[in-house]
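Colleague: Got a file for you: upload38.cif, mmCIF, C-alpha atoms.
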data_my_file
loop_
_atom_site.label_atom_id
_atom_site.label_comp_id
_atom_site.auth_asym_id
_atom_site.auth_seq_id
_atom_site.Cartn_x
_atom_site.Cartn_y
_atom_site.Cartn_z
CA MET A 5 -16.28 43.87 -44.26
CA ASP A 6 -17.31 47.07 -42.50
CA ASN A 7 -14.67 49.44 -41.16
CA VAL A 8 -13.70 48.56 -37.60
CA SER A 9 -14.45 51.28 -35.03
CA LEU A 10 -11.65 52.32 -32.69
CA ASP A 11 -14.25 52.70 -29.94
CA ASP A 12 -15.35 49.10 -30.50
CA LEU A 13 -11.73 47.96 -30.24
CA ARG A 14 -11.35 49.83 -26.94
CA VAL A 15 -14.49 48.09 -25.66
CA PHE A 16 -13.13 44.72 -26.79
CA HIS A 17 -9.84 45.43 -24.99
CA LEU A 18 -11.75 46.29 -21.79
CA ILE A 19 -13.88 43.13 -21.95
CA ALA A 20 -10.79 41.00 -22.60
CA THR A 21 -8.94 42.63 -19.70
CA GLU A 22 -11.83 42.32 -17.24
CA GLY A 23 -12.89 38.83 -18.35
CA GLY A 24 -16.51 39.59 -19.16
CA ILE A 25 -19.13 42.19 -20.05
CA SER A 26 -20.50 42.61 -16.52
CA ALA A 27 -17.05 43.29 -15.05
CA ALA A 28 -16.23 45.63 -17.93
CA ALA A 29 -19.48 47.53 -17.38
CA ARG A 30 -18.70 47.96 -13.68
CA ARG A 31 -15.21 49.19 -14.46
CA SER A 32 -16.18 51.58 -17.26
CA ARG A 33 -19.62 52.56 -15.89
CA ALA A 34 -21.04 51.97 -19.36
CA SER A 35 -24.18 49.90 -19.79
CA LYS A 36 -23.88 46.20 -20.54
CA ALA A 37 -26.12 46.75 -23.58
CA THR A 38 -23.68 49.31 -25.02
CA LEU A 39 -20.72 46.97 -24.51
CA SER A 40 -22.62 43.99 -25.92
CA ARG A 41 -23.52 45.91 -29.09
CA ALA A 42 -19.88 46.92 -29.62
CA LEU A 43 -18.74 43.32 -29.21
CA ALA A 44 -21.49 42.08 -31.55
CA ARG A 45 -20.33 44.50 -34.27
CA LEU A 46 -16.76 43.22 -34.02
CA GLU A 47 -17.85 39.58 -34.09
CA GLN A 48 -20.03 40.30 -37.13
CA SER A 49 -17.04 41.88 -38.88
CA ALA A 50 -14.85 38.89 -37.94
CA GLY A 51 -17.50 36.37 -38.93
CA THR A 52 -16.59 34.29 -35.89
CA PRO A 53 -16.89 34.56 -32.09
CA LEU A 54 -14.12 36.45 -30.32
CA PHE A 55 -14.96 34.92 -26.92
CA ASP A 56 -16.21 31.59 -25.66
CA ARG A 57 -18.96 32.33 -23.16
CA MET A 58 -18.27 30.28 -20.04
CA GLY A 59 -19.92 30.00 -16.65
CA GLN A 60 -17.08 31.84 -14.94
CA GLY A 61 -16.73 34.57 -17.58
CA PHE A 62 -15.35 35.02 -21.09
CA ARG A 63 -12.37 33.24 -22.66
CA LEU A 64 -10.72 34.49 -25.83
CA THR A 65 -11.04 32.35 -28.92
CA ARG A 66 -8.06 31.97 -31.24
CA THR A 67 -9.29 34.90 -33.35
CA GLY A 68 -10.04 36.91 -30.21
CA ALA A 69 -6.53 36.33 -28.87
CA ALA A 70 -5.03 37.54 -32.15
CA LEU A 71 -7.19 40.66 -32.04
CA ALA A 72 -6.45 41.32 -28.35
CA SER A 73 -2.84 42.37 -28.96
CA VAL A 74 -3.95 44.76 -31.71
CA ALA A 75 -6.72 46.17 -29.52
CA ALA A 76 -4.29 46.77 -26.65
CA GLY A 77 -2.06 48.80 -28.93
CA THR A 78 -5.03 50.72 -30.30
CA ALA A 79 -6.22 51.57 -26.79
CA SER A 80 -2.75 52.81 -25.88
CA ILE A 81 -2.51 54.97 -29.02
CA ALA A 82 -5.97 56.41 -28.42
CA ARG A 83 -5.04 57.38 -24.86
CA GLU A 84 -1.84 59.05 -26.03
CA ALA A 85 -3.69 60.92 -28.77
CA GLU A 86 -6.28 62.11 -26.26
CA ALA A 87 -3.55 63.30 -23.91
CA VAL A 88 -1.83 65.24 -26.73
CA LEU A 89 -5.08 66.94 -27.72
CA ARG A 90 -5.92 67.80 -24.12
CA ALA A 91 -2.43 69.21 -23.56
CA ALA A 92 -2.93 71.51 -26.56
CA HIS A 93 -5.38 73.56 -24.50
CA GLU A 94 -3.59 76.03 -22.25
CA THR A 95 -6.71 76.57 -20.13
CA PRO A 96 -7.46 73.64 -17.77
CA GLN A 97 -10.66 72.02 -18.96
CA GLY A 98 -12.30 68.73 -19.76
CA PRO A 99 -12.39 65.42 -17.90
CA LEU A 100 -10.04 64.53 -15.05
CA LYS A 101 -10.19 60.93 -13.81
CA ILE A 102 -8.68 60.29 -10.37
CA ALA A 103 -8.32 57.04 -8.39
CA ALA A 104 -7.83 57.12 -4.62
CA GLY A 105 -8.63 55.29 -1.41
CA ALA A 106 -11.80 56.22 0.47
CA ILE A 107 -10.19 58.13 3.36
CA VAL A 108 -7.99 60.16 0.99
CA ALA A 109 -11.00 60.89 -1.20
CA GLN A 110 -12.94 62.13 1.81
CA LEU A 111 -10.32 64.06 3.76
CA VAL A 112 -7.99 65.29 1.01
CA LEU A 113 -9.72 65.21 -2.36
CA GLY A 114 -12.86 66.89 -1.01
CA PRO A 115 -11.23 70.26 -0.27
CA VAL A 116 -8.78 70.01 -3.19
CA LEU A 117 -11.50 69.37 -5.77
CA GLY A 118 -13.62 72.15 -4.27
CA GLU A 119 -10.77 74.59 -4.82
CA LEU A 120 -10.11 73.15 -8.27
CA HIS A 121 -13.72 73.82 -9.28
CA ARG A 122 -13.56 77.35 -7.88
CA ARG A 123 -10.47 78.18 -9.90
CA HIS A 124 -11.16 76.10 -13.01
CA PRO A 125 -14.90 75.39 -13.38
CA SER A 126 -14.43 73.85 -16.84
CA VAL A 127 -12.58 70.85 -15.37
CA ARG A 128 -14.91 67.87 -14.85
CA ALA A 129 -13.43 65.66 -12.14
CA GLU A 130 -14.40 62.01 -11.69
CA VAL A 131 -13.18 60.14 -8.61
CA ILE A 132 -12.90 56.36 -8.50
CA VAL A 133 -12.76 55.19 -4.88
CA THR A 134 -10.78 51.97 -4.66
CA GLY A 135 -8.94 49.95 -2.05
CA THR A 136 -6.57 48.50 -4.67
CA ALA A 137 -3.95 50.02 -6.97
CA PRO A 138 -5.56 49.88 -10.43
CA ASN A 139 -3.60 50.00 -13.66
CA PRO A 140 -3.96 53.61 -14.88
CA LEU A 141 -3.31 52.62 -18.50
CA VAL A 142 -5.93 49.89 -18.58
CA GLU A 143 -8.55 51.98 -16.78
CA ASP A 144 -7.69 55.28 -18.47
CA ILE A 145 -6.97 57.06 -15.17
CA ASP A 146 -5.26 60.46 -15.23
CA VAL A 147 -3.95 60.42 -11.66
CA MET A 148 -3.73 57.56 -9.15
CA LEU A 149 -3.01 58.43 -5.51
CA ARG A 150 -1.34 55.74 -3.43
CA ILE A 151 0.78 55.08 -0.36
CA GLY A 152 4.26 53.76 -1.11
CA GLN A 153 6.58 54.05 -4.09
CA PRO A 154 5.05 52.32 -7.14
CA THR A 155 7.11 49.67 -8.89
CA GLU A 156 5.71 50.23 -12.39
CA ASP A 157 8.52 51.94 -14.29
CA TYR A 158 6.19 53.34 -16.97
CA LEU A 159 4.43 55.63 -14.50
CA VAL A 160 5.36 59.26 -13.93
CA VAL A 161 5.59 59.67 -10.16
CA ARG A 162 5.43 62.76 -7.96
CA ARG A 163 5.73 62.56 -4.18
CA ILE A 164 2.93 64.58 -2.63
CA MET A 165 3.37 63.88 1.05
CA ARG A 166 5.73 62.50 3.66
CA SER A 167 4.19 61.89 7.05
CA PRO A 168 4.95 60.02 10.30
CA LEU A 169 2.60 57.33 11.50
CA GLN A 170 0.84 58.27 14.74
CA LEU A 171 -1.51 56.55 17.17
CA TYR A 172 -5.15 57.69 17.29
CA ILE A 173 -7.99 56.64 19.58
CA PRO A 174 -11.68 57.63 19.61
CA ALA A 175 -12.30 61.02 21.20
CA ALA A 176 -14.93 59.37 23.41
CA LYS A 177 -12.20 57.28 25.07
CA ALA A 178 -9.88 60.20 25.85
CA ASP A 179 -11.31 60.74 29.35
CA GLN A 180 -11.50 57.04 30.14
CA ILE A 181 -7.88 55.96 29.64
CA ASP A 182 -4.41 57.37 30.10
CA ILE A 183 -3.28 58.39 26.61
CA GLU A 184 0.34 58.09 27.83
CA ASP A 185 -0.09 54.46 28.95
CA PRO A 186 0.73 51.96 26.16
CA VAL A 187 -0.97 49.06 27.95
CA SER A 188 -4.36 50.75 28.29
CA ILE A 189 -4.11 52.12 24.75
CA GLU A 190 -3.34 48.71 23.23
CA ALA A 191 -6.21 47.20 25.24
CA LEU A 192 -8.63 49.21 23.07
CA GLY A 193 -7.82 46.81 20.23
CA ARG A 194 -5.37 47.47 17.44
CA VAL A 195 -6.81 48.02 13.95
CA VAL A 196 -4.06 47.00 11.53
CA ILE A 197 -3.89 48.40 8.00
CA GLN A 198 -2.52 46.02 5.39
CA ALA A 199 -0.83 48.50 3.07
CA PRO A 200 2.72 49.21 1.85
CA GLY A 201 4.79 51.05 4.47
CA ILE A 202 2.38 50.43 7.36
CA PRO A 203 3.72 47.68 9.67
CA GLU A 204 1.57 45.02 11.29
CA ASP A 205 3.59 45.21 14.52
CA TRP A 206 3.87 48.78 15.79
CA VAL A 207 7.07 50.33 17.09
CA LEU A 208 6.90 54.01 18.06
CA ARG A 209 9.83 56.13 19.15
CA ALA A 210 10.23 59.40 21.02
CA ASP A 211 12.88 62.08 20.50
CA ASP A 212 14.73 60.86 23.60
CA GLY A 213 15.18 57.42 22.00
CA SER A 214 12.60 55.57 24.10
CA ALA A 215 10.47 53.10 22.21
CA VAL A 216 7.05 51.50 22.64
CA SER A 217 6.08 48.25 20.93
CA MET A 218 2.56 46.94 20.29
CA SER A 219 2.10 43.53 18.75
CA SER A 220 -1.08 42.07 20.28
CA ASN A 221 -3.60 40.26 18.11
CA PRO A 222 -5.52 42.97 16.27
CA LEU A 223 -9.17 43.77 16.73
CA ALA A 224 -9.29 43.78 12.92
CA SER A 225 -6.99 43.77 9.90
CA VAL A 226 -8.22 45.99 7.08
CA GLY A 227 -7.14 46.86 3.57
CA ASP A 228 -8.22 50.51 3.58
CA PRO A 229 -7.65 53.24 6.20
CA ALA A 230 -11.29 54.27 5.74
CA VAL A 231 -12.31 51.18 7.73
CA VAL A 232 -10.08 52.36 10.59
CA LEU A 233 -11.93 55.67 10.50
CA GLY A 234 -15.27 53.86 10.74
CA ILE A 235 -14.15 51.79 13.74
CA LEU A 236 -12.69 54.81 15.55
CA ARG A 237 -15.82 56.84 14.81
CA SER A 238 -17.89 54.11 16.47
CA GLY A 239 -15.87 54.56 19.68
CA HIS A 240 -13.65 51.49 19.43
CA GLY A 241 -10.06 50.57 18.63
CA VAL A 242 -6.74 52.31 18.20
CA GLY A 243 -5.29 53.06 14.78
CA LEU A 244 -1.82 53.81 13.43
CA LEU A 245 -2.45 56.37 10.71
CA PRO A 246 -0.42 58.86 8.69
CA ALA A 247 -0.46 62.04 10.78
CA ILE A 248 -1.44 64.07 7.72
CA LEU A 249 -4.76 62.19 7.77
CA GLY A 250 -5.10 61.46 11.47
CA ASP A 251 -4.66 65.08 12.52
CA LEU A 252 -7.55 66.04 10.24
CA LEU A 253 -9.65 63.64 12.31
CA VAL A 254 -8.38 65.29 15.50
CA ARG A 255 -9.38 68.73 14.24
CA SER A 256 -12.84 67.41 13.37
CA GLY A 257 -13.27 66.03 16.91
CA ILE A 258 -13.43 62.36 15.89
CA CYS A 259 -10.13 61.25 17.42
CA VAL A 260 -7.34 62.27 19.74
CA ARG A 261 -3.66 61.41 19.57
CA ALA A 262 -2.35 58.73 21.88
CA LEU A 263 1.28 58.62 22.98
CA PRO A 264 1.66 62.09 21.41
CA ARG A 265 5.44 62.20 22.02
CA HIS A 266 5.96 58.95 20.10
CA SER A 267 5.75 58.37 16.34
CA GLY A 268 6.02 55.43 14.00
CA PRO A 269 8.04 55.29 10.78
CA MET A 270 7.68 57.84 8.01
CA ILE A 271 5.58 56.90 5.00
CA GLU A 272 5.21 58.58 1.64
CA GLY A 273 2.27 59.20 -0.65
CA PHE A 274 2.55 59.55 -4.41
CA ALA A 275 0.58 60.82 -7.37
CA CYS A 276 1.11 58.35 -10.21
CA LEU A 277 0.41 59.34 -13.80
CA PRO A 278 0.50 57.48 -17.10
CA PRO A 279 2.96 58.85 -19.68
CA ARG A 280 2.07 62.25 -21.21
CA ARG A 281 -0.61 63.06 -18.61
CA ALA A 282 1.69 65.43 -16.71
CA SER A 283 1.47 67.90 -19.59
CA VAL A 284 -2.34 68.03 -19.56
CA PRO A 285 -3.35 71.40 -17.99
CA ALA A 286 -6.18 69.92 -15.89
CA VAL A 287 -3.83 67.28 -14.48
CA ARG A 288 -1.08 69.82 -13.84
CA VAL A 289 -3.25 72.25 -11.86
CA PHE A 290 -4.78 69.39 -9.86
CA ILE A 291 -1.35 68.06 -8.87
CA ASP A 292 -0.25 71.58 -7.88
CA LEU A 293 -3.35 72.09 -5.70
CA LEU A 294 -2.88 68.65 -4.13
CA ALA A 295 0.74 69.45 -3.30
CA GLU A 296 -0.33 72.82 -1.86
CA PHE A 297 -2.93 71.17 0.38
CA THR A 298 -0.58 68.48 1.68
CA LYS A 299 2.21 71.01 2.25
CA ASP A 300 -0.11 73.11 4.43
CA ALA A 301 -1.29 70.00 6.30
CA GLN A 302 2.28 68.85 6.92
CA ALA A 303 3.26 72.30 8.18
CA LYS A 304 0.45 72.16 10.76
CA ILE A 305 1.63 68.70 11.85
CA LEU A 306 5.20 69.89 12.36
CA MET A 307 3.99 72.88 14.39
CA SER A 308 1.98 70.58 16.65
CA TYR A 309 4.89 68.23 17.49
#
If you took the structure in this file and wrote it as structure tokens, what would it be?
Modeller:
Amino acid sequence: MDNVSLDDLRVFHLIATEGGISAAARRSRASKATLSRALARLEQSAGTPLFDRMGQGFRLTRTGAALASVAAGTASIAREAEAVLRAAHETPQGPLKIAAGAIVAQLVLGPVLGELHRRHPSVRAEVIVTGTAPNPLVEDIDVMLRIGQPTEDYLVVRRIMRSPLQLYIPAAKADQIDIEDPVSIEALGRVVIQAPGIPEDWVLRADDGSAVSMSSNPLASVGDPAVVLGILRSGHGVGLLPAILGDLLVRSGICVRALPRHSGPMIEGFACLPPRRASVPAVRVFIDLLAEFTKDAQAKILMSY
């Protein structure tokens, strides 16, 4: 039997995790032909199929299931070894894989990665835009940015922002309604974000203790704040967004604040890292730049309240 390649085992682990070659190719951005060849080599070494090919995807055979636990451990060891080798370089360099939602990628990662490239041109950043919270270990992600405290205890977590929720309406509507009138604001149509820490029914409070509630049927319920941005940009709706993002839209002329003396609850954003990644120089300088950017943005928000 030929020696088994660690790379082939990592491919097998990915196919088993994703449930098929097509899904694994989309996730890894490798070609289906490359993944198929790796799987064929393993099946030739085993002398038996590792998957049953089914209409709805792949199902592990008995041999495949036995190999899957070994492959998972191999993939984990390979990631740890890579992190150790990358951390051995004092100068930030090499690949940096980041996962984030679309609006964070556009409004936050854009300027941060520009500055990262200016300071450390040897770092090669790759951004995966996703509306879900992927598993950084399975997908070999260096840093995952997300709203809300993660529950996975194996992740290294650093809070990068704390921001109040604030109402925003399209700039085109600012002269047509009273931005201090809750009824006319809510009539624009609420766009509700289904994400941790962002409520479906909105309660906003002022410093004097007065409160405004909005609970009408939404114009739309969305899973990613980027969709709110698209609706507001089109001249419709009202969104409850983290001020650290919403005020960037105000400065770009897309939106204006509504009920500016009222705010919703505070939410937090986190950078989540697999074990050992925090010691990798490229990861470390990226996190520092991200924290620097959000600190400046939060300072501008506080000055504007």
Colleague: Find the residues of segment 265-294 of chain A that sit at most 12 Å from segment 242-261 of chain A; for each, write down the nearest two atoms and how far apart they are in Å, to one decimal. Count all atoms listed in the file. Sort by chain, then by number going up, and give it as JSON lines.
Modeller:
{"residue": "A:Arg265", "atom": "CA", "partner": "A:Arg261", "partner_atom": "CA", "distance": 9.5}
{"residue": "A:His266", "atom": "CA", "partner": "A:Arg261", "partner_atom": "CA", "distance": 9.9}
{"residue": "A:Ser267", "atom": "CA", "partner": "A:Ala247", "partner_atom": "CA", "distance": 9.1}
{"residue": "A:Gly268", "atom": "CA", "partner": "A:Leu244", "partner_atom": "CA", "distance": 8.0}
{"residue": "A:Pro269", "atom": "CA", "partner": "A:Pro246", "partner_atom": "CA", "distance": 9.4}
{"residue": "A:Met270", "atom": "CA", "partner": "A:Pro246", "partner_atom": "CA", "distance": 8.2}
{"residue": "A:Ile271", "atom": "CA", "partner": "A:Pro246", "partner_atom": "CA", "distance": 7.3}
{"residue": "A:Glu272", "atom": "CA", "partner": "A:Pro246", "partner_atom": "CA", "distance": 9.0}
{"residue": "A:Gly273", "atom": "CA", "partner": "A:Pro246", "partner_atom": "CA", "distance": 9.7}
Colleague: To one decimal place, how far is atom CA of Ala106 of chain A from atom CA of Ala129 of chain A in Å?
Modeller: 15.8 Å
Colleague: Residues at most 12 Å from Pro200 of chain A, counting all atoms listed in the file, excluding those fewer than 5 positions away in the same chain, as a list in words?
Modeller: Thr136, Ala137, Arg150, Ile151, Gly152, Gln153, Pro154, Thr155, Gly227, Asp228, Pro229, Met270, Ile271, Glu272 and Gly273 of chain A
Colleague: Tell me, as a PyMOL selection string, which residues lie within 7 Å of Ser225 of chain A, counting only C-alpha atoms; anything in the same chain fewer than 2 positions away does not count.
Modeller: chain A and resi 195-198+222
Colleague: Would you compute the distance between atom CA of Met165 of chain A and atom CA of Ala224 of chain A? Give it in Å to one decimal.
Modeller: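 Separating atom CA of Met165 of chain A from atom CA of Ala224 of chain A is a distance of 26.6 Å.
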Colleague: Can you turn the PyMOL selection byres ((chain A and resi 144) around 10) into a concrete residue list for this file, as a PDB file with C-alpha atoms, in the coordinates of the input?
Modeller:
ATOM      1  CA  SER A  32     -16.180  51.580 -17.260  1.00  0.00           C
ATOM      2  CA  ALA A  79      -6.220  51.570 -26.790  1.00  0.00           C
ATOM      3  CA  SER A  80      -2.750  52.810 -25.880  1.00  0.00           C
ATOM      4  CA  ARG A  83      -5.040  57.380 -24.860  1.00  0.00           C
ATOM      5  CA  LYS A 101     -10.190  60.930 -13.810  1.00  0.00           C
ATOM      6  CA  ILE A 102      -8.680  60.290 -10.370  1.00  0.00           C
ATOM      7  CA  PRO A 138      -5.560  49.880 -10.430  1.00  0.00           C
ATOM      8  CA  ASN A 139      -3.600  50.000 -13.660  1.00  0.00           C
ATOM      9  CA  PRO A 140      -3.960  53.610 -14.880  1.00  0.00           C
ATOM     10  CA  LEU A 141      -3.310  52.620 -18.500  1.00  0.00           C
ATOM     11  CA  VAL A 142      -5.930  49.890 -18.580  1.00  0.00           C
ATOM     12  CA  GLU A 143      -8.550  51.980 -16.780  1.00  0.00           C
ATOM     13  CA  ILE A 145      -6.970  57.060 -15.170  1.00  0.00           C
ATOM     14  CA  ASP A 146      -5.260  60.460 -15.230  1.00  0.00           C
ATOM     15  CA  VAL A 147      -3.950  60.420 -11.660  1.00  0.00           C
ATOM     16  CA  PRO A 278       0.500  57.480 -17.100  1.00  0.00           C
TER      17      PRO A 278
END
Colleague: Report, in Å with one decimal, the straight-line distance from atom CA of Glu184 of chain A to atom CA of Asp300 of chain A.
Modeller: 27.8 Å
Colleague: Which residues come within 7 Å of Met148 of chain A, counting only C-alpha atoms, excluding same-chain residues fewer than 5 positions away, as a list in words?
Modeller: Ile102, Ala103, Ala104, Pro140, Ala275, Cys276 and Leu277 of chain A
Colleague: Please save C-alpha atoms of the selected residues as a tab-separated table (two decimals), in the frame of the given file.
Modeller:
chain	number	residue	atom	x	y	z
A	102	ILE	CA	-8.68	60.29	-10.37
A	103	ALA	CA	-8.32	57.04	-8.39
A	104	ALA	CA	-7.83	57.12	-4.62
A	140	PRO	CA	-3.96	53.61	-14.88
A	275	ALA	CA	0.58	60.82	-7.37
A	276	CYS	CA	1.11	58.35	-10.21
A	277	LEU	CA	0.41	59.34	-13.80
Colleague: When distances are computed from all atoms listed in the file, which of A:Pro264, A:Val112, A:Leu192, A:Arg123 shows the smallest separation from Ala295 of chain A?
Modeller: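 Using all atoms listed in the file, the shortest distance to Ala295 of chain A belongs to A:Val112.
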Colleague: Name the closest residue to Ile107 of chain A among the candidates A:Gly77, A:Gly23, A:Gly135, A:Pro125; distances are taken between atoms, counting all atoms listed in the file.
Modeller: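 Under the stated criterion, the closest residue is A:Gly135.
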Colleague: Identify, on the basis of all atoms listed in the file, every residue whose closest approach to Trp206 of chain A does not exceed 9 Å; exclude the query and any residue fewer than 4 positions from it along the same chain; express the result as a PyMOL selection string.
Modeller: chain A and resi 202+216-219+244+268
Colleague: Could those selected residues go to a file with C-alpha atoms, as a PDB file, in the frame of the given file?
Modeller:
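Result file follows (out.pdb):
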ATOM      1  CA  ILE A 202       2.380  50.430   7.360  1.00  0.00           C
ATOM      2  CA  VAL A 216       7.050  51.500  22.640  1.00  0.00           C
ATOM      3  CA  SER A 217       6.080  48.250  20.930  1.00  0.00           C
ATOM      4  CA  MET A 218       2.560  46.940  20.290  1.00  0.00           C
ATOM      5  CA  SER A 219       2.100  43.530  18.750  1.00  0.00           C
ATOM      6  CA  LEU A 244      -1.820  53.810  13.430  1.00  0.00           C
ATOM      7  CA  GLY A 268       6.020  55.430  14.000  1.00  0.00           C
TER       8      GLY A 268
END
Colleague: Exactly which residues make up the result of the PyMOL selection byres ((chain A and resi 76) around 9) on this file, given as a list in words?
Modeller: Leu13, Arg14, His17, Leu18, Leu71, Ala72, Ser73, Val74, Ala75, Gly77, Thr78, Ala79, Ser80, Ile81 and Val142 of chain A
Colleague: Could you turn the residues from that selection into a file that holds C-alpha atoms, as a PDB file, keeping the file's coordinate frame?
Modeller:
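Contents of out.pdb, freshly written:
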ATOM      1  CA  LEU A  13     -11.730  47.960 -30.240  1.00  0.00           C
ATOM      2  CA  ARG A  14     -11.350  49.830 -26.940  1.00  0.00           C
ATOM      3  CA  HIS A  17      -9.840  45.430 -24.990  1.00  0.00           C
ATOM      4  CA  LEU A  18     -11.750  46.290 -21.790  1.00  0.00           C
ATOM      5  CA  LEU A  71      -7.190  40.660 -32.040  1.00  0.00           C
ATOM      6  CA  ALA A  72      -6.450  41.320 -28.350  1.00  0.00           C
ATOM      7  CA  SER A  73      -2.840  42.370 -28.960  1.00  0.00           C
ATOM      8  CA  VAL A  74      -3.950  44.760 -31.710  1.00  0.00           C
ATOM      9  CA  ALA A  75      -6.720  46.170 -29.520  1.00  0.00           C
ATOM     10  CA  GLY A  77      -2.060  48.800 -28.930  1.00  0.00           C
ATOM     11  CA  THR A  78      -5.030  50.720 -30.300  1.00  0.00           C
ATOM     12  CA  ALA A  79      -6.220  51.570 -26.790  1.00  0.00           C
ATOM     13  CA  SER A  80      -2.750  52.810 -25.880  1.00  0.00           C
ATOM     14  CA  ILE A  81      -2.510  54.970 -29.020  1.00  0.00           C
ATOM     15  CA  VAL A 142      -5.930  49.890 -18.580  1.00  0.00           C
TER      16      VAL A 142
END
Colleague: Give me the residues within 9 Å of segment 49-64 of chain A as a ChimeraX atom specification, counting all atoms listed in the file and dropping any in the same chain fewer than 2 places off.
Modeller: /A:5-8,19-20,22-26,43-47,66-69,71-72
Colleague: Which is closest to Ile235 of chain A among A:Arg30, A:Ser40, A:Val187, A:Tyr172, if we use only C-alpha atoms?
Modeller: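 Closest candidate: A:Tyr172.
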Colleague: Tell me which of A:Ala28, A:Ile173, A:Ala282, A:Val108 sits closest to Arg194 of chain A, counting only C-alpha atoms.
Modeller: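 Of A:Ala28, A:Ile173, A:Ala282, A:Val108, the one nearest Arg194 of chain A is A:Ile173, counting only C-alpha atoms.
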Colleague: Compare A:Arg31, A:Arg237, A:Arg280, A:Lys36 by their minimum atom-to-atom distance to Val160 of chain A, counting all atoms listed in the file, and give me the closest one.
Modeller: A:Arg280
